[in-house]
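Asker: Sharing a structure below in structure tokens format, with a few things to ask.
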Amino acid sequence: MDPKHDAPTEFIPRVPDPAVRRRGLRWLAVVLVVAVLTVGSGIAVSRHRADAQPVSANTDVVATTPIVRRDLSTTRTLPGSIGYGPTRPMAGHLAATVTWLPRAGTTVKRGGQLFRADDRPVVLFYGSLPMYRDVAGPNLVGRDVRVVADNLRALGYSVGRQPSPGEWVTPRSPARSVADDESVETGTAGAGAAGAGAAGAGDAGVGAAPHRVRSGEGVLTPALVAAIKRWQTDLGVPATGTIPVGHVEVASGAVRVDSVTAQPGDQAETPLMAVTSVRKVITVGAELTDAATIKRGDRIQVGLPDDRKVPARVVSVGRDLVASDSGIASGPPLLTVTVAVDKPQAIADLDSGEVQVHFTGRTADDVLVAPVEALVALREGGYAVQGPGGLVAVRTGLFADGWVEITGDGLTEGTEVVVPS
């Protein structure tokens with residue numbers, strides 16, 4: 001029996017430990033190194049930034065402004081227009097025929113010719129009293145005589161000494177009427193002149209009761225009569241030394257002819273022209289509630305079309321209601337307020353234009369004020385301001401132009417209060 005041989009031995013090769021484990025360890029080591037480096041870099045950068053930019057514990061900054069002491073006033077703004085002011089009619093006061101009239105736009109000054117009647121000049125004098133009677137008769141006393149004396153003096157004529165208020169003079173009736181004197185000068189005396197002369201013969205030169213000169217009155221002295229004659233000679237009219245009614249018209253100053261309403265050949269005792277002031281003014285239409293607080297002489301500001309503001313004053317406040325521009329049916333009636341700027345050259349280049357007129361309303365003088373935005377509304381009502389020591393309750397007064405009048409415990413000029421930044 002054949003011997004039984006053992007089965008061949010199977011050699012199993014030795015497999016080394018998997019490399020995955022070691023490779024994983026290497027990656028773990030790398031990750032740890034990178035993490036350490038990253039943390040270290042972050043700490044270094046953080047330390048570097050901390051050294052370069054220190055951070056304050058409190059970064060809130062508030063804005064403050066000091067309380068000041070000043071005058072405060074409210075304003076009312078009304079629209080106005082530049083022009084020469086309201087027109088007024090001018091008529092003659094003598095029975096004559098108009099023979100010449102000026103053109104619209106003409107300026108007539110003291111001593112200038114307004115128009116001609118019966119080919120004789122009617123002259124402009126300045127004053128506040130119209131010539132209501134003939135200026136004739138030695139020692140005639142009156143305010144109209146004063147108007148004549150003042151104007152002739154202003155025109156360069158010597159009028160001599162005028163009696164002072166309190167002196168006594170004795171007026172004397174004229175020997176004949178002014179019309180007779182002119183008729184004699186021109187050689188045209190007729191039956192009327194003869195009759196007037198006969199009527200005046202009995203009282204020619206008769207003295208009236210002595211008159212005590214009052215303030216504002218003038219006296220027709222011989223020197224003034226002589227001045228009138230020289231003036232009449234220069235005018236080219238008969239030198240009678242007397243001035244009939246209607247030969248002189250009186251206005252408060254120079255006039256500008258706005259329009260002519262008559263023509264040569266019309267009777268002089270009718271409206272002949274419309275005149276205005278020669279100074280440019282600003283006209284404002286104010287409702288009754290606004291006009292009630294506006295007074296002549298009030299100081300105001302005018303905003304011009306080029307955004308300039310110029311000082312001005314109220315010249316007059318009208319008394320006659322006029323319709324608003326939109327019509328009396330759709331708007332309340334208005335009173336005309338006339339305003340003049342302090343420096344006329346400020347509007348010299350403007351013949352017309354719309355402006356804004358700022359009228360002063362309520363005023364508070366020398367008061368403590370703060371910006372309105374400094375006020376803090378309190379839950380329980382009222383206001384406070386944030387001062388150095390905290391909130392301070394205040395009593396408010398006038399509000400105007402972004403400021404408010406305030407009073408409060410411990411608040412003085414210069415106290416800093418918080419305002420929104």
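Identifiers for the structure tokens are assigned positionally: chains receive A, B, ... in sequence, residues are indexed from 1 per chain, and ligands are indexed from 1 in the order shown.
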Please identify every residue of segment 302-325 of chain A that has at least one atom no farther than 12 Å from an atom of segment 72-86 of chain A, counting only C-alpha atoms, and for each give the shortest atom pair and the distance in Å to one decimal, arranged by chain then increasing number, as a tab-separated table.
Answerer:
```
residue	atom	partner	partner_atom	distance
A:Val302	CA	A:Gly80	CA	9.0
A:Gly303	CA	A:Thr77	CA	9.5
A:Leu304	CA	A:Ile82	CA	9.6
A:Pro305	CA	A:Ser81	CA	10.6
A:Val315	CA	A:Gly85	CA	10.6
A:Ser316	CA	A:Gly85	CA	10.6
A:Val317	CA	A:Pro86	CA	11.8
A:Gly318	CA	A:Pro86	CA	10.2
A:Val322	CA	A:Pro86	CA	11.8
A:Asp325	CA	A:Pro79	CA	11.6
```
Asker: Just the selected residues (C-alpha atoms), exported as an mmCIF file, in the first residue's frame, please.
Answerer:
```
data_model
loop_
_atom_site.group_PDB
_atom_site.id
_atom_site.type_symbol
_atom_site.label_atom_id
_atom_site.label_comp_id
_atom_site.auth_asym_id
_atom_site.auth_seq_id
_atom_site.Cartn_x
_atom_site.Cartn_y
_atom_site.Cartn_z
ATOM 1 C CA VAL A 302 -39.301 143.925 2.038
ATOM 2 C CA GLY A 303 -38.230 140.835 0.119
ATOM 3 C CA LEU A 304 -37.346 141.813 -3.471
ATOM 4 C CA PRO A 305 -37.615 139.554 -6.540
ATOM 5 C CA VAL A 315 -46.036 155.531 4.866
ATOM 6 C CA SER A 316 -49.806 155.312 5.122
ATOM 7 C CA VAL A 317 -52.681 152.985 5.881
ATOM 8 C CA GLY A 318 -55.755 153.636 3.771
ATOM 9 C CA VAL A 322 -61.175 148.251 -2.033
ATOM 10 C CA ASP A 325 -57.658 141.405 -7.069
#
```
Asker: Within 9 Å of Gly253 of chain A, counting only C-alpha atoms, which residues qualify if same-chain residues fewer than 6 places away don't, as number ranges by chain?
Answerer: A: 109-110, 124-127, 277-278
Asker: Apply DSSP to the structure's backbone, then extract all residues of segment 77-293 of chain A labelled strand (DSSP E) and return them as a PyMOL selection string.
Answerer: chain A and resi 77-83+88-91+98-100+107-108+113-117+120-126+141-142+168-169+211-212+218-219+248-251+255-260+271-277+281-286
Asker: Smallest atom-to-atom distance to Asp351 of chain A: which of A:Ala274, A:Val281, A:Ala223, A:Ala370, using only C-alpha atoms?
Answerer: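 For Asp351 of chain A, the nearest of the given residues is A:Val281.
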Asker: At most 6 Å is the cut-off: for each residue in segment 321-413 of chain A with any atom that close to an atom of segment 282-289 of chain A, write down the nearest atom pair and the distance in Å rounded to one decimal, counting only C-alpha atoms, chain first then increasing number, as CSV.
Answerer:
```
residue,atom,partner,partner_atom,distance
A:Leu334,CA,A:Glu287,CA,4.8
A:Leu335,CA,A:Ala286,CA,5.3
A:Thr336,CA,A:Gly285,CA,4.9
A:Val337,CA,A:Val284,CA,5.0
A:Thr338,CA,A:Thr283,CA,4.8
A:Val339,CA,A:Ile282,CA,4.9
```
Asker: Would you mind listing what lies within 12 Å of Asp144 of chain A as a PDB file with N, CA and C atoms, in the first residue's frame, with only C-alpha atoms counted and same-chain residues fewer than 4 positions away left out?
Answerer:
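Resulting contents of selection-v2.pdb:
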```
ATOM      1  N   PHE A 125     -47.382 174.557  -5.915  1.00  0.00           N
ATOM      2  CA  PHE A 125     -46.710 174.870  -4.657  1.00  0.00           C
ATOM      3  C   PHE A 125     -46.824 173.654  -3.744  1.00  0.00           C
ATOM      4  N   TYR A 126     -45.881 173.528  -2.811  1.00  0.00           N
ATOM      5  CA  TYR A 126     -45.927 172.442  -1.837  1.00  0.00           C
ATOM      6  C   TYR A 126     -46.604 172.930  -0.563  1.00  0.00           C
ATOM      7  N   GLY A 127     -47.404 172.071   0.026  1.00  0.00           N
ATOM      8  CA  GLY A 127     -48.050 172.416   1.279  1.00  0.00           C
ATOM      9  C   GLY A 127     -49.165 171.446   1.602  1.00  0.00           C
ATOM     10  N   SER A 128     -49.853 171.712   2.708  1.00  0.00           N
ATOM     11  CA  SER A 128     -50.952 170.843   3.133  1.00  0.00           C
ATOM     12  C   SER A 128     -52.311 171.544   3.080  1.00  0.00           C
ATOM     13  N   LEU A 129     -52.314 172.834   2.723  1.00  0.00           N
ATOM     14  CA  LEU A 129     -53.567 173.596   2.688  1.00  0.00           C
ATOM     15  C   LEU A 129     -53.803 174.137   1.289  1.00  0.00           C
ATOM     16  N   PRO A 130     -54.957 173.864   0.690  1.00  0.00           N
ATOM     17  CA  PRO A 130     -55.228 174.409  -0.651  1.00  0.00           C
ATOM     18  C   PRO A 130     -55.446 175.915  -0.593  1.00  0.00           C
ATOM     19  N   MET A 131     -55.239 176.545  -1.722  1.00  0.00           N
ATOM     20  CA  MET A 131     -55.472 177.996  -1.814  1.00  0.00           C
ATOM     21  C   MET A 131     -56.971 178.221  -1.973  1.00  0.00           C
ATOM     22  N   TYR A 132     -57.613 178.547  -0.885  1.00  0.00           N
ATOM     23  CA  TYR A 132     -59.081 178.611  -0.864  1.00  0.00           C
ATOM     24  C   TYR A 132     -59.630 180.028  -1.032  1.00  0.00           C
ATOM     25  N   ARG A 133     -58.759 181.038  -1.121  1.00  0.00           N
ATOM     26  CA  ARG A 133     -59.197 182.427  -1.267  1.00  0.00           C
ATOM     27  C   ARG A 133     -58.126 183.211  -1.995  1.00  0.00           C
ATOM     28  N   ASP A 134     -58.484 184.413  -2.410  1.00  0.00           N
ATOM     29  CA  ASP A 134     -57.484 185.304  -3.001  1.00  0.00           C
ATOM     30  C   ASP A 134     -56.493 185.734  -1.928  1.00  0.00           C
ATOM     31  N   VAL A 135     -55.223 185.645  -2.250  1.00  0.00           N
ATOM     32  CA  VAL A 135     -54.192 186.158  -1.342  1.00  0.00           C
ATOM     33  C   VAL A 135     -53.971 187.615  -1.729  1.00  0.00           C
ATOM     34  N   ALA A 136     -54.646 188.494  -1.019  1.00  0.00           N
ATOM     35  CA  ALA A 136     -54.628 189.917  -1.355  1.00  0.00           C
ATOM     36  C   ALA A 136     -54.988 190.719  -0.114  1.00  0.00           C
ATOM     37  N   LEU A 140     -52.782 190.590   5.375  1.00  0.00           N
ATOM     38  CA  LEU A 140     -53.662 189.431   5.395  1.00  0.00           C
ATOM     39  C   LEU A 140     -52.963 188.315   6.167  1.00  0.00           C
ATOM     40  N   VAL A 148     -47.635 180.487   0.683  1.00  0.00           N
ATOM     41  CA  VAL A 148     -47.040 181.344  -0.341  1.00  0.00           C
ATOM     42  C   VAL A 148     -45.642 181.778   0.070  1.00  0.00           C
ATOM     43  N   ALA A 149     -45.492 182.243   1.295  1.00  0.00           N
ATOM     44  CA  ALA A 149     -44.190 182.726   1.773  1.00  0.00           C
ATOM     45  C   ALA A 149     -43.148 181.607   1.751  1.00  0.00           C
ATOM     46  N   ASP A 150     -43.515 180.414   2.243  1.00  0.00           N
ATOM     47  CA  ASP A 150     -42.556 179.306   2.297  1.00  0.00           C
ATOM     48  C   ASP A 150     -42.117 178.879   0.904  1.00  0.00           C
ATOM     49  N   ASN A 151     -43.041 178.836  -0.043  1.00  0.00           N
ATOM     50  CA  ASN A 151     -42.689 178.388  -1.383  1.00  0.00           C
ATOM     51  C   ASN A 151     -41.846 179.413  -2.128  1.00  0.00           C
ATOM     52  N   GLY A 216     -47.968 178.716  12.592  1.00  0.00           N
ATOM     53  CA  GLY A 216     -48.315 178.198  11.279  1.00  0.00           C
ATOM     54  C   GLY A 216     -48.924 179.223  10.350  1.00  0.00           C
ATOM     55  N   GLU A 217     -49.166 180.441  10.823  1.00  0.00           N
ATOM     56  CA  GLU A 217     -49.761 181.479   9.983  1.00  0.00           C
ATOM     57  C   GLU A 217     -48.686 182.381   9.394  1.00  0.00           C
ATOM     58  N   GLY A 218     -49.011 182.952   8.245  1.00  0.00           N
ATOM     59  CA  GLY A 218     -48.154 183.932   7.612  1.00  0.00           C
ATOM     60  C   GLY A 218     -48.883 185.251   7.460  1.00  0.00           C
ATOM     61  N   VAL A 219     -48.115 186.300   7.158  1.00  0.00           N
ATOM     62  CA  VAL A 219     -48.680 187.647   7.022  1.00  0.00           C
ATOM     63  C   VAL A 219     -48.243 188.212   5.683  1.00  0.00           C
ATOM     64  N   LEU A 220     -49.205 188.782   4.960  1.00  0.00           N
ATOM     65  CA  LEU A 220     -48.903 189.393   3.660  1.00  0.00           C
ATOM     66  C   LEU A 220     -48.282 190.765   3.894  1.00  0.00           C
ATOM     67  N   ILE A 243     -52.518 186.924  -5.505  1.00  0.00           N
ATOM     68  CA  ILE A 243     -52.668 185.611  -6.154  1.00  0.00           C
ATOM     69  C   ILE A 243     -54.132 185.210  -6.092  1.00  0.00           C
ATOM     70  N   PRO A 244     -54.819 185.168  -7.237  1.00  0.00           N
ATOM     71  CA  PRO A 244     -56.229 184.751  -7.245  1.00  0.00           C
ATOM     72  C   PRO A 244     -56.361 183.249  -7.004  1.00  0.00           C
ATOM     73  N   VAL A 245     -57.532 182.864  -6.538  1.00  0.00           N
ATOM     74  CA  VAL A 245     -57.823 181.439  -6.380  1.00  0.00           C
ATOM     75  C   VAL A 245     -57.715 180.739  -7.730  1.00  0.00           C
ATOM     76  N   VAL A 248     -52.741 178.890  -8.382  1.00  0.00           N
ATOM     77  CA  VAL A 248     -51.747 178.023  -7.739  1.00  0.00           C
ATOM     78  C   VAL A 248     -52.476 176.792  -7.217  1.00  0.00           C
ATOM     79  N   GLU A 249     -51.914 175.612  -7.493  1.00  0.00           N
ATOM     80  CA  GLU A 249     -52.414 174.360  -6.928  1.00  0.00           C
ATOM     81  C   GLU A 249     -51.393 173.849  -5.917  1.00  0.00           C
ATOM     82  N   VAL A 250     -51.889 173.252  -4.841  1.00  0.00           N
ATOM     83  CA  VAL A 250     -51.016 172.825  -3.751  1.00  0.00           C
ATOM     84  C   VAL A 250     -51.031 171.308  -3.635  1.00  0.00           C
TER      85      VAL A 250
END
```
